[in-house]
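Just below is one structure, and these are the notes that go with it.
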Amino acid sequence: MKILDKYLIKQFIQTVIFGLLAFTLLFVVINAMENLDDFIDQNVPTWKVIHFYLVFSPEIIKLMTPVAVLFAALFTAGKAASTSELTAMRSSGMSIFRFMLPFLIATFVISLFSIYFGGYLVPMANKTKTQIEQLYLKKGFNYSESNIYFQDSRTRIISIGFFNSSTNAASRVSIQTFNNNDLTQMISRIDAPKLSYDSLTNIWIATNGVERFFSNANQQVKYFDTLNIDYLNFRPADLAKKQIKPGEMNLAELNELIKTQERTGNDPTATLIEYHSRIAFAFTSLIIVLFGLPISANRRKGGLAVQVGISILATFIYLVFMKVSQAFGKNGALEPLLTAWFANLFFLAAAIISIIKLRY
């Protein structure tokens with residue numbers, strides 16, 4: 001690596017860090033002003049407020065990384081152009097592509113780190129943030145282990161009124177089984193006030209319930225004191241996981257959820273889009289820099305301000321484009337993988353065309 005490359009990368013990284021700090025601080029101050037009354041009304045301790053904004057920051061950093069990276073690239077390249085440093089580099093035989101190389105290498109490393117940051121650290125921070133909001137601000141509070149509804153298999157739906165994780169016992173349970181050839185036809189149903197899990201035999205035991213069998217217009221009713229149910233696919237630990245929002249799951253948990261949904265016959269499209277979008281969004285910075293850097297490095301009429309405005313506008317169009325493509329994907333119009341990467345591929349093609357058309 002040449003001294004010039006180290007110089008450009010150093011200027012670039014310093015500006016990225018400054019941009020992230022500035023954007024994060026701005027969002028934290030705005031959010032603090034909005035929630036100040038709530039913190040005072042709920043008598044939230046100062047240390048817990050600080051803790052809240054520490055775990056609030058990772059989500060902001062993830063969202064603002066592409067913008068901060070673009071600002072850093074534009075600032076560094078624009079400064080080199082305005083101070084004639086870029087002219088000196090070009091005079092020495094350096095092409096515009098060689099000038100862009102240090103920025104692309106640094107951004108690629110940032111993108112790789114963003115996969116881990118957005119895939120694991122941000123969900124962990126979001127979990128803590130949600131807990132603080134529920135316990136101290138009384139926002140979005142819900143009983144994560146009550147009113148649980150899910151599809152256990154292609155033909156079976158489970159309804160649980162409340163689940164006690166300390167005793168591994170569920171109350172007000174309904175297990176509905178449907179015809180495999182006609183999913184609108186219920187063939188059996190189990191209703192029980194209590195369903196307990198036996199960890200020794202790994203089966204569920206229903207007590208003091210009733211089991212109904214449906215055949216055409218006939219119904220057979222069977223009351224029981226205890227009923228061993230060994231065909232259920234979920235375990236006590238799965239019930240807590242089913243209540244976690246996708247935004248609070250890391251990549252490994254999302255992958256596990258996808259496999260569970262496929263195994264039970266649920267549609268995993270939304271989860272697949274979330275999984276692939278985490279990875280695709282990490283490379284947004286690289287695509288945006290590849291798209292915006294030639295505009296800033298190639299001096300045109302209108303000056304740096306116009307170039308920055310065009311590039312920032314392109315960034316937000318990019319983000320809107322990504323959200324729109326995700327909407328189409330969730331409706332089944334696009335495959336999940338293509339949905340997550342569609343915006344990247346589109347703007348990558350535009351960036352390549354922009355680079356090819358550069359005139360020296």
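Chain labels follow the order of the structure tokens: the first chain is A, the next B, and so on; residue numbering restarts at 1 in every chain, and ligands are counted from 1 in their shown order.
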List the spatial neighbours of stretch 150-158 of chain A as a CSV table (one decimal) with C-alpha atoms, in the first residue's frame - criterion: any atom at most 10 Å away, only C-alpha atoms, same-chain residues fewer than 3 positions off excluded.
```
chain,number,residue,atom,x,y,z
A,173,VAL,CA,-55.0,-24.7,25.4
A,174,SER,CA,-56.6,-25.6,22.1
A,175,ILE,CA,-55.0,-28.0,19.5
A,176,GLN,CA,-56.9,-28.0,16.1
A,177,THR,CA,-56.0,-30.5,13.4
A,178,PHE,CA,-57.2,-30.1,9.8
A,179,ASN,CA,-57.6,-32.4,6.8
A,180,ASN,CA,-54.4,-32.6,4.8
A,181,ASN,CA,-56.4,-32.6,1.6
A,182,ASP,CA,-58.8,-29.9,2.6
A,183,LEU,CA,-57.3,-27.4,5.1
A,184,THR,CA,-60.7,-25.8,5.7
A,185,GLN,CA,-62.0,-29.0,7.2
A,186,MET,CA,-61.3,-29.6,10.9
A,187,ILE,CA,-60.9,-33.3,11.7
A,188,SER,CA,-60.1,-33.1,15.5
A,189,ARG,CA,-59.7,-30.7,18.3
A,190,ILE,CA,-58.3,-30.9,21.8
A,231,TYR,CA,-46.8,-35.5,18.1
A,232,LEU,CA,-46.4,-31.8,18.8
A,233,ASN,CA,-43.3,-30.2,17.2
A,234,PHE,CA,-42.7,-27.4,19.7
A,239,LEU,CA,-42.8,-20.6,22.8
A,242,LYS,CA,-42.2,-17.3,18.8
A,243,GLN,CA,-42.9,-14.0,20.5
A,260,THR,CA,-39.0,-23.9,11.6
A,261,GLN,CA,-41.5,-22.2,9.4
A,262,GLU,CA,-40.6,-24.4,6.4
A,263,ARG,CA,-40.9,-27.5,8.6
A,264,THR,CA,-44.3,-26.6,10.0
A,265,GLY,CA,-45.7,-25.5,6.6
A,266,ASN,CA,-45.7,-21.8,7.3
```
So that I can check the surroundings of A:Ile148, please list as a ChimeraX atom specification every protein, DNA and RNA residue that reaches within 7 Å of it, counting only C-alpha atoms and ignoring chain neighbours fewer than 6 positions away. /A:159-161
Would you work out the distance separating atom CA of A:Asn228 from atom CA of A:Ile203, expressed in Å to one decimal?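 Distance reported for this atom pair: 6.9 Å.
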Write out as a ChimeraX atom specification the set of residues from stretch 159-300 of chain A that DSSP, computed on the backbone, places in alpha helix (DSSP H). /A:236-241,251-264,269-282,284-297
Output of the above residues as a short mmCIF file (atom, residue, chain, number, x, y, z; two decimals), in the first residue's frame, restricted to N, CA and C atoms:
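Listing of result.cif after writing:
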```
data_model
loop_
_atom_site.label_atom_id
_atom_site.label_comp_id
_atom_site.auth_asym_id
_atom_site.auth_seq_id
_atom_site.Cartn_x
_atom_site.Cartn_y
_atom_site.Cartn_z
N PRO A 236 -41.01 -26.00 25.16
CA PRO A 236 -41.21 -24.78 25.96
C PRO A 236 -40.33 -23.62 25.51
N ALA A 237 -39.08 -23.90 25.17
CA ALA A 237 -38.19 -22.82 24.75
C ALA A 237 -38.66 -22.18 23.44
N ASP A 238 -39.36 -22.95 22.62
CA ASP A 238 -39.83 -22.43 21.34
C ASP A 238 -40.94 -21.39 21.52
N LEU A 239 -41.70 -21.51 22.61
CA LEU A 239 -42.81 -20.58 22.82
C LEU A 239 -42.31 -19.16 23.05
N ALA A 240 -41.22 -19.03 23.78
CA ALA A 240 -40.65 -17.69 24.00
C ALA A 240 -40.09 -17.12 22.70
N LYS A 241 -39.45 -17.99 21.90
CA LYS A 241 -38.87 -17.53 20.64
C LYS A 241 -39.93 -17.07 19.66
N LEU A 251 -28.93 -13.08 13.00
CA LEU A 251 -28.98 -13.86 11.77
C LEU A 251 -29.16 -15.35 12.05
N ALA A 252 -28.51 -15.86 13.08
CA ALA A 252 -28.65 -17.28 13.41
C ALA A 252 -30.07 -17.61 13.83
N GLU A 253 -30.69 -16.73 14.63
CA GLU A 253 -32.07 -16.96 15.06
C GLU A 253 -33.05 -16.85 13.90
N LEU A 254 -32.79 -15.90 12.99
CA LEU A 254 -33.64 -15.80 11.81
C LEU A 254 -33.54 -17.05 10.95
N ASN A 255 -32.34 -17.57 10.79
CA ASN A 255 -32.15 -18.79 10.01
C ASN A 255 -32.87 -19.98 10.64
N GLU A 256 -32.83 -20.04 11.97
CA GLU A 256 -33.54 -21.11 12.67
C GLU A 256 -35.05 -20.96 12.52
N LEU A 257 -35.53 -19.71 12.55
CA LEU A 257 -36.95 -19.45 12.38
C LEU A 257 -37.41 -19.85 10.98
N ILE A 258 -36.58 -19.57 9.98
CA ILE A 258 -36.91 -19.96 8.61
C ILE A 258 -37.07 -21.47 8.49
N LYS A 259 -36.14 -22.21 9.09
CA LYS A 259 -36.21 -23.67 9.04
C LYS A 259 -37.46 -24.18 9.75
N THR A 260 -37.80 -23.55 10.88
CA THR A 260 -39.00 -23.95 11.62
C THR A 260 -40.26 -23.69 10.81
N GLN A 261 -40.33 -22.52 10.18
CA GLN A 261 -41.50 -22.19 9.36
C GLN A 261 -41.64 -23.14 8.18
N GLU A 262 -40.51 -23.49 7.56
CA GLU A 262 -40.57 -24.44 6.44
C GLU A 262 -41.00 -25.82 6.92
N ARG A 263 -40.53 -26.23 8.09
CA ARG A 263 -40.85 -27.54 8.62
C ARG A 263 -42.32 -27.65 9.01
N THR A 264 -42.89 -26.56 9.52
CA THR A 264 -44.28 -26.58 9.97
C THR A 264 -45.27 -26.17 8.90
N THR A 269 -41.58 -16.38 3.67
CA THR A 269 -41.16 -15.31 2.76
C THR A 269 -40.69 -14.06 3.49
N ALA A 270 -41.50 -13.58 4.42
CA ALA A 270 -41.16 -12.35 5.14
C ALA A 270 -39.86 -12.51 5.92
N THR A 271 -39.68 -13.67 6.55
CA THR A 271 -38.45 -13.91 7.31
C THR A 271 -37.25 -14.03 6.40
N LEU A 272 -37.42 -14.67 5.24
CA LEU A 272 -36.33 -14.79 4.27
C LEU A 272 -35.90 -13.41 3.77
N ILE A 273 -36.88 -12.55 3.51
CA ILE A 273 -36.57 -11.19 3.06
C ILE A 273 -35.80 -10.44 4.13
N GLU A 274 -36.23 -10.59 5.39
CA GLU A 274 -35.53 -9.93 6.51
C GLU A 274 -34.10 -10.44 6.62
N TYR A 275 -33.92 -11.74 6.47
CA TYR A 275 -32.59 -12.35 6.59
C TYR A 275 -31.66 -11.84 5.49
N HIS A 276 -32.10 -11.93 4.25
CA HIS A 276 -31.25 -11.51 3.13
C HIS A 276 -31.06 -9.98 3.11
N SER A 277 -32.07 -9.24 3.58
CA SER A 277 -31.96 -7.78 3.60
C SER A 277 -30.90 -7.30 4.58
N ARG A 278 -30.71 -8.04 5.68
CA ARG A 278 -29.65 -7.68 6.64
C ARG A 278 -28.29 -7.68 5.94
N ILE A 279 -28.05 -8.70 5.12
CA ILE A 279 -26.78 -8.82 4.42
C ILE A 279 -26.69 -7.81 3.29
N ALA A 280 -27.80 -7.66 2.54
CA ALA A 280 -27.80 -6.74 1.40
C ALA A 280 -27.60 -5.30 1.87
N PHE A 281 -28.24 -4.92 2.98
CA PHE A 281 -28.12 -3.55 3.47
C PHE A 281 -26.70 -3.24 3.91
N ALA A 282 -25.99 -4.26 4.38
CA ALA A 282 -24.59 -4.05 4.81
C ALA A 282 -23.73 -3.59 3.64
N THR A 284 -24.85 -1.73 1.18
CA THR A 284 -25.37 -0.48 0.64
C THR A 284 -24.28 0.58 0.55
N SER A 285 -23.44 0.65 1.58
CA SER A 285 -22.38 1.66 1.60
C SER A 285 -21.46 1.52 0.40
N LEU A 286 -21.10 0.28 0.07
CA LEU A 286 -20.20 0.04 -1.06
C LEU A 286 -20.83 0.47 -2.37
N ILE A 287 -22.11 0.15 -2.56
CA ILE A 287 -22.80 0.50 -3.81
C ILE A 287 -22.96 2.02 -3.92
N ILE A 288 -23.32 2.66 -2.80
CA ILE A 288 -23.53 4.10 -2.80
C ILE A 288 -22.24 4.85 -3.10
N VAL A 289 -21.13 4.40 -2.51
CA VAL A 289 -19.84 5.03 -2.77
C VAL A 289 -19.44 4.82 -4.23
N LEU A 290 -19.65 3.63 -4.73
CA LEU A 290 -19.32 3.34 -6.12
C LEU A 290 -20.15 4.20 -7.07
N PHE A 291 -21.36 4.53 -6.64
CA PHE A 291 -22.25 5.35 -7.47
C PHE A 291 -21.93 6.84 -7.34
N GLY A 292 -21.63 7.30 -6.12
CA GLY A 292 -21.48 8.73 -5.90
C GLY A 292 -20.07 9.27 -6.05
N LEU A 293 -19.07 8.43 -5.82
CA LEU A 293 -17.69 8.90 -5.85
C LEU A 293 -17.27 9.46 -7.21
N PRO A 294 -17.60 8.82 -8.34
CA PRO A 294 -17.21 9.41 -9.63
C PRO A 294 -17.82 10.79 -9.87
N ILE A 295 -19.02 11.02 -9.33
CA ILE A 295 -19.67 12.33 -9.49
C ILE A 295 -18.87 13.40 -8.77
N SER A 296 -18.38 13.06 -7.57
CA SER A 296 -17.63 14.04 -6.79
C SER A 296 -16.22 14.23 -7.32
N ALA A 297 -15.58 13.13 -7.76
CA ALA A 297 -14.20 13.22 -8.23
C ALA A 297 -14.10 13.89 -9.59
#
```
Tell me which protein, DNA and RNA residues are within 12 Å of A:Glu85, counting only C-alpha atoms, leaving out same-chain ones fewer than 5 positions away, and put them as a PyMOL selection string. chain A and resi 4+7-8+76-80+90-92+94+99+297
Just give me the gap between atom CA of A:Ile17 and atom CA of A:Leu70 in Å, one decimal is fine. 11.9 Å
Those of stretch 60-183 of chain A in DSSP strand (DSSP E or B), formatted as a count of residues only: 27
Counting only C-alpha atoms, which of A:Val44, A:Ala22, A:Asp267, A:Val67 gets nearest to A:Leu313?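 So, comparing all the options, the nearest one is A:Val67.
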Distance in Å - atom CA of A:Phe162 versus atom CA of A:Trp204: 15.3 Å
Fewer than 3 positions away in the same chain doesn't count, so skip those; otherwise give me all residues within 12 Å of A:Val49, counting only C-alpha atoms, as a PyMOL selection string. chain A and resi 28+31-32+35-36+38-40+42-46+52-56+129+132-133+136-137
Output of the above residues as an mmCIF file, in the first residue's frame, restricted to N, CA and C atoms:
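Dumped to out_14.cif:
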```cif
data_model
loop_
_atom_site.group_PDB
_atom_site.id
_atom_site.type_symbol
_atom_site.label_atom_id
_atom_site.label_comp_id
_atom_site.auth_asym_id
_atom_site.auth_seq_id
_atom_site.Cartn_x
_atom_site.Cartn_y
_atom_site.Cartn_z
ATOM 1 N N VAL A 28 -30.164 11.114 18.728
ATOM 2 C CA VAL A 28 -30.332 10.917 20.170
ATOM 3 C C VAL A 28 -30.931 12.153 20.816
ATOM 4 N N ASN A 31 -34.633 12.370 19.843
ATOM 5 C CA ASN A 31 -35.412 11.379 20.572
ATOM 6 C C ASN A 31 -35.528 11.724 22.044
ATOM 7 N N ALA A 32 -34.454 12.270 22.631
ATOM 8 C CA ALA A 32 -34.476 12.647 24.041
ATOM 9 C C ALA A 32 -35.485 13.763 24.290
ATOM 10 N N ASN A 35 -38.952 12.162 24.310
ATOM 11 C CA ASN A 35 -39.253 11.277 25.436
ATOM 12 C C ASN A 35 -38.958 11.886 26.800
ATOM 13 N N LEU A 36 -38.542 13.148 26.827
ATOM 14 C CA LEU A 36 -38.164 13.767 28.093
ATOM 15 C C LEU A 36 -39.306 13.745 29.100
ATOM 16 N N ASP A 38 -41.794 11.672 29.255
ATOM 17 C CA ASP A 38 -42.044 10.298 29.698
ATOM 18 C C ASP A 38 -41.017 9.866 30.739
ATOM 19 N N PHE A 39 -39.758 10.229 30.525
ATOM 20 C CA PHE A 39 -38.724 9.882 31.502
ATOM 21 C C PHE A 39 -39.011 10.531 32.857
ATOM 22 N N ILE A 40 -39.464 11.789 32.819
ATOM 23 C CA ILE A 40 -39.756 12.506 34.067
ATOM 24 C C ILE A 40 -40.992 11.934 34.739
ATOM 25 N N GLN A 42 -42.274 8.969 34.576
ATOM 26 C CA GLN A 42 -42.071 7.613 35.094
ATOM 27 C C GLN A 42 -40.916 7.531 36.102
ATOM 28 N N ASN A 43 -40.305 8.688 36.408
ATOM 29 C CA ASN A 43 -39.202 8.730 37.371
ATOM 30 C C ASN A 43 -38.082 7.742 37.013
ATOM 31 N N VAL A 44 -37.712 7.751 35.758
ATOM 32 C CA VAL A 44 -36.672 6.845 35.284
ATOM 33 C C VAL A 44 -35.319 7.339 35.796
ATOM 34 N N PRO A 45 -34.532 6.474 36.422
ATOM 35 C CA PRO A 45 -33.205 6.891 36.929
ATOM 36 C C PRO A 45 -32.308 7.378 35.797
ATOM 37 N N THR A 46 -31.411 8.285 36.123
ATOM 38 C CA THR A 46 -30.519 8.858 35.110
ATOM 39 C C THR A 46 -29.656 7.798 34.453
ATOM 40 N N PHE A 52 -30.455 3.430 28.160
ATOM 41 C CA PHE A 52 -31.435 3.380 27.062
ATOM 42 C C PHE A 52 -30.833 3.921 25.772
ATOM 43 N N TYR A 53 -30.140 5.048 25.857
ATOM 44 C CA TYR A 53 -29.599 5.660 24.639
ATOM 45 C C TYR A 53 -28.324 4.972 24.160
ATOM 46 N N LEU A 54 -27.670 4.247 25.058
ATOM 47 C CA LEU A 54 -26.540 3.429 24.614
ATOM 48 C C LEU A 54 -27.014 2.280 23.726
ATOM 49 N N VAL A 55 -28.143 1.671 24.084
ATOM 50 C CA VAL A 55 -28.672 0.564 23.285
ATOM 51 C C VAL A 55 -29.558 1.076 22.150
ATOM 52 N N PHE A 56 -29.912 2.362 22.187
ATOM 53 C CA PHE A 56 -30.673 2.975 21.094
ATOM 54 C C PHE A 56 -29.743 3.341 19.935
ATOM 55 N N LYS A 129 -33.341 -2.525 24.522
ATOM 56 C CA LYS A 129 -34.105 -1.284 24.370
ATOM 57 C C LYS A 129 -35.595 -1.526 24.587
ATOM 58 N N ILE A 132 -36.354 -2.053 28.303
ATOM 59 C CA ILE A 132 -36.352 -0.791 29.054
ATOM 60 C C ILE A 132 -37.636 -0.011 28.784
ATOM 61 N N GLU A 133 -38.076 0.030 27.550
ATOM 62 C CA GLU A 133 -39.322 0.737 27.213
ATOM 63 C C GLU A 133 -40.503 0.110 27.929
ATOM 64 N N TYR A 136 -39.784 0.570 32.117
ATOM 65 C CA TYR A 136 -39.642 1.912 32.683
ATOM 66 C C TYR A 136 -40.559 2.944 32.025
ATOM 67 N N LEU A 137 -40.759 2.836 30.709
ATOM 68 C CA LEU A 137 -41.609 3.815 30.019
ATOM 69 C C LEU A 137 -43.016 3.304 29.775
#
```
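For A:Phe328, the non-local neighbours within 12 Å, defined as residues at least 4 positions apart in the same chain or in other chains and counting only C-alpha atoms, are Thr269, Ala270, Ile273, Phe321, Met322, Lys323, Val324, Gly332, Ala333, Leu334, Glu335, Pro336, Leu338, Thr339, Ala340 and Phe342 of chain A.
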May I have the residues within 8 Å of A:Gly209 as a VMD selection string, using only C-alpha atoms and disregarding those fewer than 3 positions away in the same chain? chain A and resid 190 to 193 206 223 to 226
Same residues, C-alpha atoms, saved as an mmCIF file, in the first residue's frame:
```
data_model
loop_
_atom_site.group_PDB
_atom_site.id
_atom_site.type_symbol
_atom_site.label_atom_id
_atom_site.label_comp_id
_atom_site.auth_asym_id
_atom_site.auth_seq_id
_atom_site.Cartn_x
_atom_site.Cartn_y
_atom_site.Cartn_z
ATOM 1 C CA ILE A 190 -58.318 -30.937 21.811
ATOM 2 C CA ASP A 191 -59.327 -28.407 24.484
ATOM 3 C CA ALA A 192 -57.701 -28.530 27.913
ATOM 4 C CA PRO A 193 -57.343 -26.093 30.803
ATOM 5 C CA ALA A 206 -53.013 -32.449 28.713
ATOM 6 C CA TYR A 223 -63.300 -36.691 27.847
ATOM 7 C CA PHE A 224 -59.999 -37.452 29.533
ATOM 8 C CA ASP A 225 -58.186 -36.905 32.822
ATOM 9 C CA THR A 226 -54.732 -37.066 31.241
#
```
